[in-house]
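**Q** What follows is structure-v2.txt; its format and atoms are compact mmCIF, C-alpha atoms and all ligand atoms.
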```
# COMPACT_ATOMS: atom_id res chain seq x y z
CA MET A 1 0.00 0.00 0.00
CA LYS A 2 1.40 3.41 -0.98
CA VAL A 3 1.55 6.03 1.74
CA ALA A 4 0.97 9.75 1.10
CA LEU A 5 1.26 12.80 3.32
CA ILE A 6 -0.80 15.88 2.41
CA THR A 7 -0.19 19.20 4.15
CA GLY A 8 -3.22 21.48 4.02
CA VAL A 9 -5.56 18.49 3.76
CA GLY A 10 -8.47 20.57 5.09
CA GLY A 11 -8.39 22.93 2.12
CA GLN A 12 -10.24 22.66 -1.18
CA ASP A 13 -7.42 20.86 -2.99
CA GLY A 14 -6.37 18.79 0.02
CA SER A 15 -9.82 17.30 0.40
CA TYR A 16 -10.16 16.42 -3.32
CA LEU A 17 -6.64 14.99 -3.42
CA ALA A 18 -7.21 12.87 -0.29
CA GLU A 19 -10.35 11.39 -1.88
CA LEU A 20 -8.50 10.63 -5.12
CA LEU A 21 -5.59 8.91 -3.36
CA LEU A 22 -7.85 6.94 -0.99
CA ASP A 23 -9.84 5.71 -3.99
CA LYS A 24 -6.56 4.62 -5.60
CA GLY A 25 -5.80 2.49 -2.53
CA TYR A 26 -3.32 4.78 -0.74
CA GLN A 27 -3.01 5.21 2.98
CA VAL A 28 -3.36 8.97 3.39
CA HIS A 29 -1.97 11.04 6.25
CA GLY A 30 -3.24 14.59 6.40
CA LEU A 31 -1.64 17.49 8.24
CA ILE A 32 -4.13 19.96 9.63
CA ARG A 33 -3.77 23.00 11.88
CA HIS A 34 -5.62 22.56 15.14
CA SER A 35 -7.56 25.79 14.56
CA SER A 36 -8.71 24.58 11.11
CA ALA A 37 -10.05 21.23 12.21
CA GLU A 38 -13.62 22.28 12.99
CA LYS A 39 -13.87 24.71 10.08
CA TYR A 40 -12.93 22.14 7.46
CA LYS A 41 -14.89 19.17 8.77
CA SER A 42 -17.49 19.65 6.03
CA ARG A 43 -14.83 19.35 3.28
CA LEU A 44 -13.62 16.08 4.76
CA ALA A 45 -17.15 14.74 5.30
CA THR A 46 -16.97 12.73 2.06
CA ILE A 47 -14.11 10.79 3.65
CA ALA A 48 -15.51 10.46 7.17
CA GLY A 49 -18.79 9.13 5.76
CA VAL A 50 -17.26 6.37 3.59
CA PRO A 51 -15.78 3.40 5.56
CA GLU A 52 -13.37 2.31 2.76
CA ARG A 53 -11.91 5.81 2.74
CA LYS A 54 -12.03 6.52 6.47
CA ASP A 55 -10.11 3.39 7.45
CA ASN A 56 -7.02 4.47 5.49
CA PHE A 57 -7.13 8.13 6.45
CA VAL A 58 -5.16 9.55 9.39
CA LEU A 59 -5.35 13.19 10.49
CA HIS A 60 -2.38 14.73 12.30
CA TYR A 61 -2.41 18.08 14.01
CA GLY A 62 0.63 20.02 12.91
CA ASP A 63 1.89 23.11 11.16
CA ILE A 64 4.33 23.66 8.31
CA THR A 65 5.89 26.51 10.31
CA ASP A 66 6.97 23.94 12.93
CA SER A 67 9.92 22.16 11.32
CA ALA A 68 10.62 19.81 14.23
CA SER A 69 7.12 18.35 14.01
CA LEU A 70 7.55 17.84 10.26
CA VAL A 71 10.80 15.91 10.77
CA ARG A 72 9.11 13.75 13.41
CA MET A 73 6.13 13.10 11.19
CA LEU A 74 8.19 12.15 8.14
CA ALA A 75 10.32 9.77 10.19
CA GLU A 76 7.20 8.17 11.65
CA ILE A 77 5.01 7.96 8.53
CA GLN A 78 7.75 7.26 5.95
CA PRO A 79 5.57 8.42 3.05
CA ASP A 80 6.11 7.48 -0.59
CA GLU A 81 4.63 10.79 -1.70
CA VAL A 82 4.41 14.20 0.01
CA TYR A 83 2.05 16.89 -1.31
CA ASN A 84 2.71 20.35 0.14
CA LEU A 85 -0.59 22.20 -0.24
CA ALA A 86 -0.54 24.16 3.03
CA ALA A 87 -0.12 27.94 2.71
CA GLN A 88 -1.69 31.32 3.29
CA THR A 89 -3.35 31.37 -0.13
CA HIS A 90 -5.30 34.63 -0.27
CA VAL A 91 -3.56 37.22 -2.45
CA LYS A 92 -5.26 40.32 -0.99
CA VAL A 93 -4.68 39.10 2.58
CA SER A 94 -0.98 38.71 1.76
CA PHE A 95 -0.69 42.51 1.42
CA ASP A 96 -1.96 42.85 5.01
CA LEU A 97 -0.01 39.86 6.38
CA PRO A 98 3.19 39.74 4.30
CA GLU A 99 5.37 38.23 6.99
CA HIS A 100 2.86 35.53 7.93
CA THR A 101 2.47 34.75 4.21
CA MET A 102 6.24 34.38 3.80
CA ASN A 103 6.47 32.20 6.91
CA THR A 104 3.80 29.76 5.79
CA THR A 105 3.90 29.89 2.00
CA ALA A 106 7.67 30.22 1.40
CA LEU A 107 9.38 28.99 4.57
CA GLY A 108 6.73 26.28 5.04
CA ALA A 109 7.85 24.69 1.77
CA LEU A 110 11.47 25.00 2.86
CA HIS A 111 10.67 23.23 6.15
CA VAL A 112 9.10 20.30 4.30
CA LEU A 113 12.05 20.07 1.88
CA GLU A 114 14.52 20.24 4.78
CA ALA A 115 12.60 17.55 6.65
CA ILE A 116 12.84 15.30 3.56
CA ARG A 117 16.58 16.00 3.29
CA THR A 118 17.43 15.49 6.95
CA THR A 119 15.38 12.31 7.34
CA LYS A 120 16.96 11.02 4.08
CA SER A 121 13.47 10.20 2.88
CA ASP A 122 13.27 8.87 -0.68
CA CYS A 123 9.71 10.13 -1.09
CA ARG A 124 8.48 12.07 -4.10
CA PHE A 125 7.59 15.68 -3.31
CA TYR A 126 4.90 17.85 -4.89
CA GLN A 127 4.94 21.62 -4.33
CA ALA A 128 1.72 23.53 -4.97
CA SER A 129 3.08 26.34 -7.09
CA SER A 130 0.85 29.06 -8.50
CA SER A 131 0.27 31.14 -11.62
CA GLU A 132 0.69 34.16 -9.31
CA ILE A 133 4.47 33.64 -9.69
CA PHE A 134 4.07 34.90 -13.29
CA GLY A 135 2.26 38.09 -12.30
CA THR A 136 2.71 40.54 -15.18
CA ALA A 137 4.53 38.12 -17.54
CA ALA A 138 2.93 38.03 -21.01
CA SER A 139 0.17 35.46 -21.44
CA PRO A 140 -0.27 32.66 -22.22
CA GLN A 141 2.23 31.64 -19.54
CA ASN A 142 4.14 28.37 -19.70
CA GLU A 143 6.97 26.68 -17.78
CA SER A 144 9.54 29.08 -19.33
CA SER A 145 7.69 32.34 -18.61
CA PRO A 146 9.56 34.84 -16.42
CA LEU A 147 8.69 35.15 -12.73
CA GLU A 148 7.15 38.60 -12.19
CA PRO A 149 5.04 38.25 -9.02
CA GLN A 150 2.97 41.27 -7.97
CA SER A 151 2.08 40.44 -4.36
CA PRO A 152 3.69 39.09 -1.19
CA TYR A 153 1.79 35.85 -1.93
CA GLY A 154 3.21 35.66 -5.47
CA CYS A 155 6.70 36.37 -4.14
CA ALA A 156 6.35 33.68 -1.44
CA LYS A 157 5.16 31.12 -4.00
CA ALA A 158 8.06 32.08 -6.29
CA VAL A 159 10.53 31.42 -3.44
CA ALA A 160 8.93 28.02 -2.73
CA HIS A 161 8.97 27.25 -6.47
CA LEU A 162 12.67 28.07 -6.81
CA LEU A 163 13.59 26.20 -3.62
CA THR A 164 11.86 23.09 -4.95
CA ALA A 165 14.00 23.22 -8.11
CA SER A 166 17.09 23.99 -6.04
CA TYR A 167 16.61 20.97 -3.73
CA ARG A 168 16.02 18.79 -6.80
CA GLU A 169 19.32 19.95 -8.34
CA ALA A 170 21.43 20.16 -5.18
CA TYR A 171 20.31 17.06 -3.29
CA GLY A 172 18.69 14.89 -5.95
CA ILE A 173 15.33 15.02 -4.16
CA TRP A 174 12.51 13.85 -6.45
CA ALA A 175 10.69 17.18 -6.27
CA VAL A 176 8.31 18.94 -8.68
CA SER A 177 6.21 22.10 -8.77
CA GLY A 178 2.74 22.08 -10.29
CA ILE A 179 2.13 25.62 -11.48
CA MET A 180 -1.61 25.71 -10.99
CA PHE A 181 -3.78 28.44 -12.44
CA ASN A 182 -6.99 29.35 -10.55
CA HIS A 183 -9.06 26.29 -9.74
CA GLU A 184 -12.45 26.42 -8.13
CA SER A 185 -15.28 24.23 -6.85
CA PRO A 186 -18.19 24.24 -4.43
CA ARG A 187 -15.51 23.70 -1.74
CA ARG A 188 -13.73 26.96 -2.56
CA GLY A 189 -13.46 29.42 0.35
CA THR A 190 -16.12 32.14 0.24
CA ASP A 191 -13.54 34.95 0.20
CA PHE A 192 -12.28 33.98 -3.27
CA VAL A 193 -14.11 35.74 -6.06
CA THR A 194 -15.81 32.79 -7.80
CA ARG A 195 -17.37 31.41 -4.62
CA LYS A 196 -18.22 34.89 -3.39
CA ILE A 197 -20.16 35.34 -6.64
CA SER A 198 -21.86 31.92 -6.68
CA LYS A 199 -22.95 32.28 -3.04
CA ALA A 200 -24.26 35.80 -3.62
CA VAL A 201 -26.18 34.76 -6.74
CA ALA A 202 -27.88 31.93 -4.83
CA LYS A 203 -28.79 34.28 -1.97
CA ILE A 204 -30.00 37.08 -4.26
CA ALA A 205 -32.21 34.62 -6.16
CA ALA A 206 -33.64 33.46 -2.82
CA GLY A 207 -34.30 37.05 -1.75
CA GLU A 208 -31.74 36.88 1.06
CA GLN A 209 -29.24 39.42 -0.33
CA ASP A 210 -29.64 42.65 -2.31
CA GLU A 211 -26.24 43.50 -3.76
CA LEU A 212 -22.85 42.01 -4.50
CA HIS A 213 -19.80 44.22 -3.92
CA LEU A 214 -16.75 43.39 -6.02
CA GLY A 215 -13.32 44.92 -6.59
CA ASN A 216 -11.54 44.73 -9.94
CA LEU A 217 -14.01 43.47 -12.54
CA LYS A 218 -11.61 43.63 -15.48
CA ALA A 219 -8.99 41.19 -14.17
CA GLU A 220 -8.86 38.01 -16.24
CA ARG A 221 -8.18 34.56 -14.84
CA ASP A 222 -7.90 31.02 -16.19
CA TRP A 223 -10.49 29.21 -14.06
CA GLY A 224 -10.72 25.42 -13.98
CA PHE A 225 -12.28 22.77 -11.72
CA ALA A 226 -10.20 21.77 -8.67
CA GLY A 227 -11.22 18.11 -9.01
CA ASP A 228 -9.39 17.98 -12.38
CA TYR A 229 -6.28 19.67 -10.98
CA VAL A 230 -5.64 17.16 -8.19
CA VAL A 231 -5.47 14.44 -10.87
CA ALA A 232 -2.60 16.38 -12.48
CA MET A 233 -0.86 16.64 -9.07
CA TRP A 234 -0.93 12.88 -8.69
CA GLN A 235 0.12 12.29 -12.33
CA MET A 236 3.16 14.55 -11.87
CA LEU A 237 4.48 12.21 -9.17
CA GLN A 238 4.01 9.10 -11.36
CA THR A 239 6.34 10.16 -14.20
CA ASP A 240 9.87 8.87 -14.88
CA THR A 241 11.63 12.20 -14.30
CA PRO A 242 10.78 15.06 -11.93
CA GLU A 243 9.58 18.03 -13.99
CA ASP A 244 7.45 21.11 -13.41
CA TYR A 245 4.16 21.52 -15.28
CA VAL A 246 1.73 24.38 -15.89
CA ILE A 247 -1.88 23.33 -15.25
CA GLY A 248 -4.87 25.39 -16.43
CA THR A 249 -7.58 25.39 -19.09
CA GLY A 250 -5.96 27.64 -21.72
CA GLU A 251 -8.90 30.08 -21.57
CA SER A 252 -9.20 33.26 -19.58
CA HIS A 253 -12.32 35.19 -18.58
CA SER A 254 -12.83 38.44 -16.71
CA VAL A 255 -14.36 38.68 -13.24
CA ARG A 256 -17.22 40.61 -14.90
CA GLU A 257 -17.82 37.70 -17.29
CA PHE A 258 -17.84 35.16 -14.45
CA ALA A 259 -20.41 37.29 -12.62
CA ARG A 260 -22.52 37.71 -15.78
CA LEU A 261 -22.60 33.95 -16.40
CA ALA A 262 -23.50 33.18 -12.78
CA PHE A 263 -26.39 35.71 -12.66
CA GLU A 264 -27.64 34.70 -16.11
CA TYR A 265 -27.78 31.06 -15.03
CA LEU A 266 -30.56 32.05 -12.60
CA ASP A 267 -32.17 34.43 -15.14
CA LEU A 268 -30.83 37.55 -13.43
CA ASN A 269 -28.97 40.53 -14.89
CA TYR A 270 -25.65 41.08 -13.05
CA GLU A 271 -25.80 44.84 -13.73
CA ASP A 272 -28.81 45.10 -11.40
CA TYR A 273 -26.87 43.70 -8.43
CA VAL A 274 -23.08 44.07 -8.83
CA ARG A 275 -21.57 47.21 -7.28
CA HIS A 276 -17.95 48.22 -7.68
CA ASP A 277 -16.15 48.73 -4.36
CA PRO A 278 -12.63 50.22 -4.67
CA ASP A 279 -11.80 49.00 -1.13
CA LEU A 280 -11.86 45.45 -2.49
CA GLU A 281 -9.12 46.19 -5.02
CA ARG A 282 -5.51 45.19 -4.37
CA PRO A 283 -2.50 47.54 -4.12
CA ALA A 284 -1.19 45.80 -7.27
CA GLU A 285 -3.26 43.66 -9.63
CA VAL A 286 -2.40 40.85 -12.02
CA ILE A 287 -4.39 41.66 -15.14
CA ASN A 288 -4.30 38.53 -17.30
CA LEU A 289 -3.38 34.96 -16.50
CA ARG A 290 -3.90 32.26 -19.11
CA ALA A 291 -2.16 28.89 -19.13
CA ASP A 292 -0.31 27.30 -22.01
CA ILE A 293 -0.78 23.62 -21.12
CA THR A 294 1.05 22.11 -24.10
CA LYS A 295 3.62 20.39 -21.86
CA ALA A 296 1.01 18.85 -19.51
CA GLU A 297 -1.05 17.61 -22.46
CA LYS A 298 1.97 15.91 -24.03
CA GLY A 299 3.86 14.82 -20.91
CA LEU A 300 1.00 13.80 -18.63
CA GLY A 301 -1.84 13.27 -21.09
CA TRP A 302 -3.77 15.68 -18.83
CA LYS A 303 -6.70 17.79 -20.02
CA PRO A 304 -9.33 19.77 -18.10
CA THR A 305 -12.80 18.19 -18.23
CA VAL A 306 -14.90 21.11 -16.95
CA GLY A 307 -15.39 24.33 -18.94
CA ILE A 308 -16.24 27.77 -17.54
CA GLU A 309 -20.03 27.50 -17.95
CA GLU A 310 -20.19 24.08 -16.34
CA LEU A 311 -18.00 25.32 -13.48
CA VAL A 312 -20.20 28.36 -12.87
CA GLN A 313 -23.34 26.22 -12.92
CA MET A 314 -21.84 23.59 -10.60
CA MET A 315 -20.93 26.27 -8.05
CA VAL A 316 -24.25 28.13 -8.22
CA ASP A 317 -26.20 24.85 -7.97
CA ALA A 318 -24.18 23.81 -4.90
CA ASP A 319 -24.73 27.16 -3.20
CA LYS A 320 -28.46 27.01 -3.98
CA GLN A 321 -28.60 23.59 -2.38
CA LYS A 322 -26.68 24.75 0.70
CA LEU A 323 -29.28 27.48 1.27
O1 LIG B 1 -9.27 36.78 -7.17
C1 LIG B 1 -10.64 39.94 -8.42
C2 LIG B 1 -9.25 39.95 -7.82
O2 LIG B 1 -9.07 36.05 -4.80
C3 LIG B 1 -9.43 36.63 -8.55
C4 LIG B 1 -5.74 31.83 -5.17
O3 LIG B 1 -6.18 30.50 -5.14
O4 LIG B 1 -5.59 31.78 -7.57
C5 LIG B 1 -6.16 32.49 -6.48
O5 LIG B 1 -5.72 33.83 -6.46
C6 LIG B 1 -9.59 37.99 -9.20
C7 LIG B 1 -8.53 39.03 -8.78
O6 LIG B 1 -8.05 34.65 -6.66
C8 LIG B 1 -13.04 40.55 -5.77
O7 LIG B 1 -8.74 41.26 -7.76
C9 LIG B 1 -12.64 41.30 -7.76
O8 LIG B 1 -8.12 39.72 -9.90
O9 LIG B 1 -10.47 34.68 -6.39
P1 LIG B 1 -9.27 35.51 -6.18
P2 LIG B 1 -6.54 35.03 -7.08
O10 LIG B 1 -6.09 36.28 -6.42
O11 LIG B 1 -6.47 34.99 -8.57
C10 LIG B 1 -4.16 31.69 -7.58
C11 LIG B 1 -3.75 30.82 -8.74
C12 LIG B 1 -3.59 31.29 -6.28
O12 LIG B 1 -2.55 30.63 -6.22
C13 LIG B 1 -4.22 31.84 -5.06
O13 LIG B 1 -3.86 31.10 -3.91
O14 LIG B 1 -10.83 38.56 -8.77
N1 LIG B 1 -11.72 40.34 -7.50
N2 LIG B 1 -13.46 41.45 -6.71
C14 LIG B 1 -11.93 39.85 -6.27
N3 LIG B 1 -11.30 38.88 -5.57
C15 LIG B 1 -11.77 38.59 -4.34
N4 LIG B 1 -11.18 37.60 -3.64
N5 LIG B 1 -12.85 39.25 -3.80
C16 LIG B 1 -13.53 40.24 -4.47
O15 LIG B 1 -14.48 40.82 -3.96
```
Written as structure tokens, how would this file's structure read?
Ligand code: F7E
**A**
Amino acid sequence: MKVALITGVGGQDGSYLAELLLDKGYQVHGLIRHSSAEKYKSRLATIAGVPERKDNFVLHYGDITDSASLVRMLAEIQPDEVYNLAAQTHVKVSFDLPEHTMNTTALGALHVLEAIRTTKSDCRFYQASSSEIFGTAASPQNESSPLEPQSPYGCAKAVAHLLTASYREAYGIWAVSGIMFNHESPRRGTDFVTRKISKAVAKIAAGEQDELHLGNLKAERDWGFAGDYVVAMWQMLQTDTPEDYVIGTGESHSVREFARLAFEYLDLNYEDYVRHDPDLERPAEVINLRADITKAEKGLGWKPTVGIEELVQMMVDADKQKL
């Protein structure tokens, strides 16, 4: 039985990845911060409620800012695969909490890499890298695009990305970065724009909310379905040689367009409800991110299965049901 360790297992990606690996017959160990445990119980409910999954799933309280606990855990679990998904992942929050973001998102990755090195683990390591490392680089962005991050979060992810490559070169650790463009789902946190929109649309349609306040409506993102992206994470660790891959859909859409599609799905006109709020804008914005996934298509045989309209509808339907 293969053994995997997932940091950030209580997050959107962590919960989808844990399900995928459990269904493939892995024993999965998940690292979760004590303070997150209650909050993320609902995301892990699809594991707790299924005996075949639950029996092979072990939750550990821990933190990627605590390197000693990571060393102890690696020595004890002896995983075949380590997926580092834990981080402070909100870009706007990173402007308010730059040091915390660096400590978790950049140094957290370093702690995991150091733990692998010092325990002489021969595990394969996946680093959750992000399209935010490209920032203002011309789109479509691929594995060779320059790193031009525009936020403390983007900078922290760039450090983690470069450290992963450095540990691969310097110490021969089997380590890769998956450069993931935005990926969403009904499990997305409500402070990210897609879920903020889908939740608001459901509430407005039910007469429980009057307006939706948004920041930059012109920014364009490449939005895919998180369930597809965790498949790519796993595939990256099954290849013959450790290599980084860009993962996205190859299409970008503006925030305005996402909102329009979500409102239209419930026969509403977004212009009647969306209000621009400059306080929700960021000190620096990334205007267009669009993935060039040629390498992933060829090297992994990976393709997204959910388009923008299906994604919007899936999220609005889920929020309607939750109401
Ligand atoms: O913003 C604009 C905002 O916060 C998307 C994270 O998973 O993907 C995510 O980062 C766009 C931006 O995601 C609001 O200015 C307008 O242009 O949903 P978001 P993000 O910043 O793209 C990358 C790949 C990651 O790695 C990150 O961890 O939407 N926007 N109005 C707004 N954004 C938010 N959150 N809230 C608004 O009211």
**Q** Could you name the residues that touch Ile247 in chain A at 12 Å or less, counting all atoms listed in the file, but leaving out those on the same chain fewer than 3 positions away, as a PyMOL selection string?
**A** chain A and resi 128-131+140-143+177-183+222-226+228-233+235-236+244+250-251+289-297+299-304
**Q** Can you measure CA of Leu311 in chain A to CA of Glu243 in chain A for me? One decimal in Å is fine.
**A**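 Interatomic distance, CA of Leu311 in chain A to CA of Glu243 in chain A: 28.5 Å.
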**Q** Is it possible to get the residues within 8 Å of (-19.6, 31.7, -0.2) (coordinates as in the file, counting only C-alpha atoms) written as a PyMOL selection string?
**A** chain A and resi 188-191+195-200+319
**Q** So which residues are near ligand LIG 1 (chain B), meaning at most 6 Å away with only C-alpha atoms and all ligand atoms counted, given back as a list in words?
**A**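 Answer in the requested format: Thr89, His90, Val91, Ser130, Ser131, Glu132, Met180, Phe181, Asn182, Asp191, Phe192, Val193, Thr194, Leu214, Gly215, Asn216, Leu217, Ala219, Val255, Leu280 and Glu281 of chain A.
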**Q** Hey, which of A:Leu5, A:Leu44, A:Ala284, A:Leu22 ends up closest to Leu74 in chain A? Count all atoms listed in the file.
**A**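 Selected residue with least distance to Leu74 in chain A: A:Leu5.
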**Q** When distances are computed from all atoms listed in the file, which of A:Lys298, A:His29, A:His253, A:His213 shows the smallest separation from Tyr273 in chain A?
**A**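 Closest to Tyr273 in chain A, using all atoms listed in the file: A:His213.
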**Q** Using all atoms listed in the file, determine which residues lie at most 6 Å from range 94-105 of chain A, disregarding the query and same-chain residues fewer than 4 positions distant; provide the list as JSON, numbers by chain.
**A** {"A": [65, 87, 88, 152, 153, 156]}
**Q** For Lys322 in chain A, list every protein, DNA or RNA residue within 12 Å, evaluated using only C-alpha atoms, and leave out those in the same chain fewer than 2 positions away; present the list as a count of residues only.
**A** 14
**Q** Might you pull out every residue within 12 Å of Leu163 in chain A, with only C-alpha atoms counted and same-chain residues fewer than 5 positions away left off, and present them as a list in words?
**A** Thr105, Ala106, Leu107, Gly108, Ala109, Leu110, His111, Val112, Leu113, Glu114, Gln127, Ser129, Ala156, Lys157, Ala158, Arg168, Glu169, Ala170, Tyr171, Ile173, Ala175, Val176 and Ser177 of chain A
**Q** Please determine, counting all atoms listed in the file, which residue among A:Gly14, A:Gly25, A:Pro79, A:Gly154 has the shortest atom-to-atom distance to Gly135 in chain A.
**A**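 Of A:Gly14, A:Gly25, A:Pro79, A:Gly154, the one nearest Gly135 in chain A is A:Gly154, counting all atoms listed in the file.
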**Q** Compare A:Gln238, A:Thr46, A:Ser69, A:Ser151 by their minimum atom-to-atom distance to Val93 in chain A, counting all atoms listed in the file, and give me the closest one.
**A**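 Smallest distance to Val93 in chain A is found for A:Ser151.
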**Q** I need the residue nearest Gln313 in chain A from this list: A:Phe57, A:Tyr126, A:Tyr270, A:Tyr265. Use all atoms listed in the file for the distance.
**A**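 Closest candidate: A:Tyr265.
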**Q** Please indicate the distance in Å from CA of Tyr245 in chain A to CA of Ala259 in chain A, rounded to one decimal place.
**A**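 Distance between the two atoms: 29.3 Å.
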**Q** How far is it from CA of Thr118 in chain A to CA of Glu81 in chain A, in Å with one decimal?
**A** 16.1 Å
**Q** Which is closest to His276 in chain A among A:Phe134, A:Asn288, A:Ile308, A:Leu212, if we use only C-alpha atoms?
**A**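 When distances to His276 in chain A are compared using only C-alpha atoms, the smallest one comes from A:Leu212.
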**Q** Lys2 in chain A: which residues within 7 Å, counting all atoms listed in the file, same-chain residues fewer than 3 positions away excluded, as a CSV table (one decimal) with C-alpha atoms, in the frame of the given file?
**A**
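result_6.csv was written with the following content:
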```csv
chain,number,residue,atom,x,y,z
A,26,TYR,CA,-3.3,4.8,-0.7
A,27,GLN,CA,-3.0,5.2,3.0
A,80,ASP,CA,6.1,7.5,-0.6
```
**Q** Where atoms are missing, can you supply all heavy atoms for range 127-134 of chain A and output the lot as a PDB file, keeping the file's coordinate frame?
**A**
```pdb
ATOM      1  N   GLN A 127       5.142  20.275  -4.856  1.00  0.00           N
ATOM      2  CA  GLN A 127       4.940  21.620  -4.330  1.00  0.00           C
ATOM      3  C   GLN A 127       3.813  22.306  -5.098  1.00  0.00           C
ATOM      4  O   GLN A 127       3.849  22.379  -6.331  1.00  0.00           O
ATOM      5  CB  GLN A 127       6.243  22.433  -4.448  1.00  0.00           C
ATOM      6  CG  GLN A 127       6.096  23.918  -4.210  1.00  0.00           C
ATOM      7  CD  GLN A 127       5.557  24.272  -2.806  1.00  0.00           C
ATOM      8  OE1 GLN A 127       5.664  23.488  -1.865  1.00  0.00           O
ATOM      9  NE2 GLN A 127       4.980  25.444  -2.681  1.00  0.00           N
ATOM     10  N   ALA A 128       2.823  22.803  -4.344  1.00  0.00           N
ATOM     11  CA  ALA A 128       1.720  23.530  -4.970  1.00  0.00           C
ATOM     12  C   ALA A 128       2.199  24.915  -5.358  1.00  0.00           C
ATOM     13  O   ALA A 128       2.186  25.841  -4.554  1.00  0.00           O
ATOM     14  CB  ALA A 128       0.546  23.622  -4.006  1.00  0.00           C
ATOM     15  N   SER A 129       2.665  25.036  -6.585  1.00  0.00           N
ATOM     16  CA  SER A 129       3.080  26.340  -7.090  1.00  0.00           C
ATOM     17  C   SER A 129       1.860  27.023  -7.721  1.00  0.00           C
ATOM     18  O   SER A 129       0.797  26.412  -7.828  1.00  0.00           O
ATOM     19  CB  SER A 129       4.210  26.160  -8.110  1.00  0.00           C
ATOM     20  OG  SER A 129       4.826  27.393  -8.373  1.00  0.00           O
ATOM     21  N   SER A 130       2.031  28.270  -8.117  1.00  0.00           N
ATOM     22  CA  SER A 130       0.850  29.060  -8.500  1.00  0.00           C
ATOM     23  C   SER A 130       1.151  29.965  -9.688  1.00  0.00           C
ATOM     24  O   SER A 130       2.260  30.485  -9.823  1.00  0.00           O
ATOM     25  CB  SER A 130       0.438  29.911  -7.302  1.00  0.00           C
ATOM     26  OG  SER A 130      -0.377  30.983  -7.717  1.00  0.00           O
ATOM     27  N   SER A 131       0.120  30.207 -10.502  1.00  0.00           N
ATOM     28  CA  SER A 131       0.270  31.140 -11.620  1.00  0.00           C
ATOM     29  C   SER A 131       0.591  32.549 -11.131  1.00  0.00           C
ATOM     30  O   SER A 131       1.064  33.381 -11.915  1.00  0.00           O
ATOM     31  CB  SER A 131      -1.021  31.167 -12.443  1.00  0.00           C
ATOM     32  OG  SER A 131      -2.142  31.374 -11.598  1.00  0.00           O
ATOM     33  N   GLU A 132       0.355  32.829  -9.849  1.00  0.00           N
ATOM     34  CA  GLU A 132       0.690  34.160  -9.310  1.00  0.00           C
ATOM     35  C   GLU A 132       2.196  34.429  -9.385  1.00  0.00           C
ATOM     36  O   GLU A 132       2.620  35.575  -9.279  1.00  0.00           O
ATOM     37  CB  GLU A 132       0.191  34.299  -7.873  1.00  0.00           C
ATOM     38  CG  GLU A 132      -1.295  34.559  -7.766  1.00  0.00           C
ATOM     39  CD  GLU A 132      -1.723  35.923  -8.321  1.00  0.00           C
ATOM     40  OE1 GLU A 132      -1.141  36.940  -7.928  1.00  0.00           O
ATOM     41  OE2 GLU A 132      -2.644  35.956  -9.154  1.00  0.00           O
ATOM     42  N   ILE A 133       3.017  33.401  -9.555  1.00  0.00           N
ATOM     43  CA  ILE A 133       4.470  33.640  -9.690  1.00  0.00           C
ATOM     44  C   ILE A 133       4.751  34.368 -11.007  1.00  0.00           C
ATOM     45  O   ILE A 133       5.761  35.036 -11.142  1.00  0.00           O
ATOM     46  CB  ILE A 133       5.314  32.328  -9.610  1.00  0.00           C
ATOM     47  CG1 ILE A 133       5.053  31.393 -10.798  1.00  0.00           C
ATOM     48  CG2 ILE A 133       5.068  31.614  -8.292  1.00  0.00           C
ATOM     49  CD1 ILE A 133       5.955  30.148 -10.811  1.00  0.00           C
ATOM     50  N   PHE A 134       3.847  34.243 -11.990  1.00  0.00           N
ATOM     51  CA  PHE A 134       4.070  34.900 -13.290  1.00  0.00           C
ATOM     52  C   PHE A 134       3.664  36.370 -13.265  1.00  0.00           C
ATOM     53  O   PHE A 134       4.215  37.173 -14.014  1.00  0.00           O
ATOM     54  CB  PHE A 134       3.294  34.175 -14.393  1.00  0.00           C
ATOM     55  CG  PHE A 134       3.733  32.761 -14.627  1.00  0.00           C
ATOM     56  CD1 PHE A 134       2.809  31.732 -14.734  1.00  0.00           C
ATOM     57  CD2 PHE A 134       5.082  32.462 -14.751  1.00  0.00           C
ATOM     58  CE1 PHE A 134       3.222  30.429 -14.957  1.00  0.00           C
ATOM     59  CE2 PHE A 134       5.506  31.155 -14.970  1.00  0.00           C
ATOM     60  CZ  PHE A 134       4.569  30.136 -15.072  1.00  0.00           C
TER      61      PHE A 134
END
```
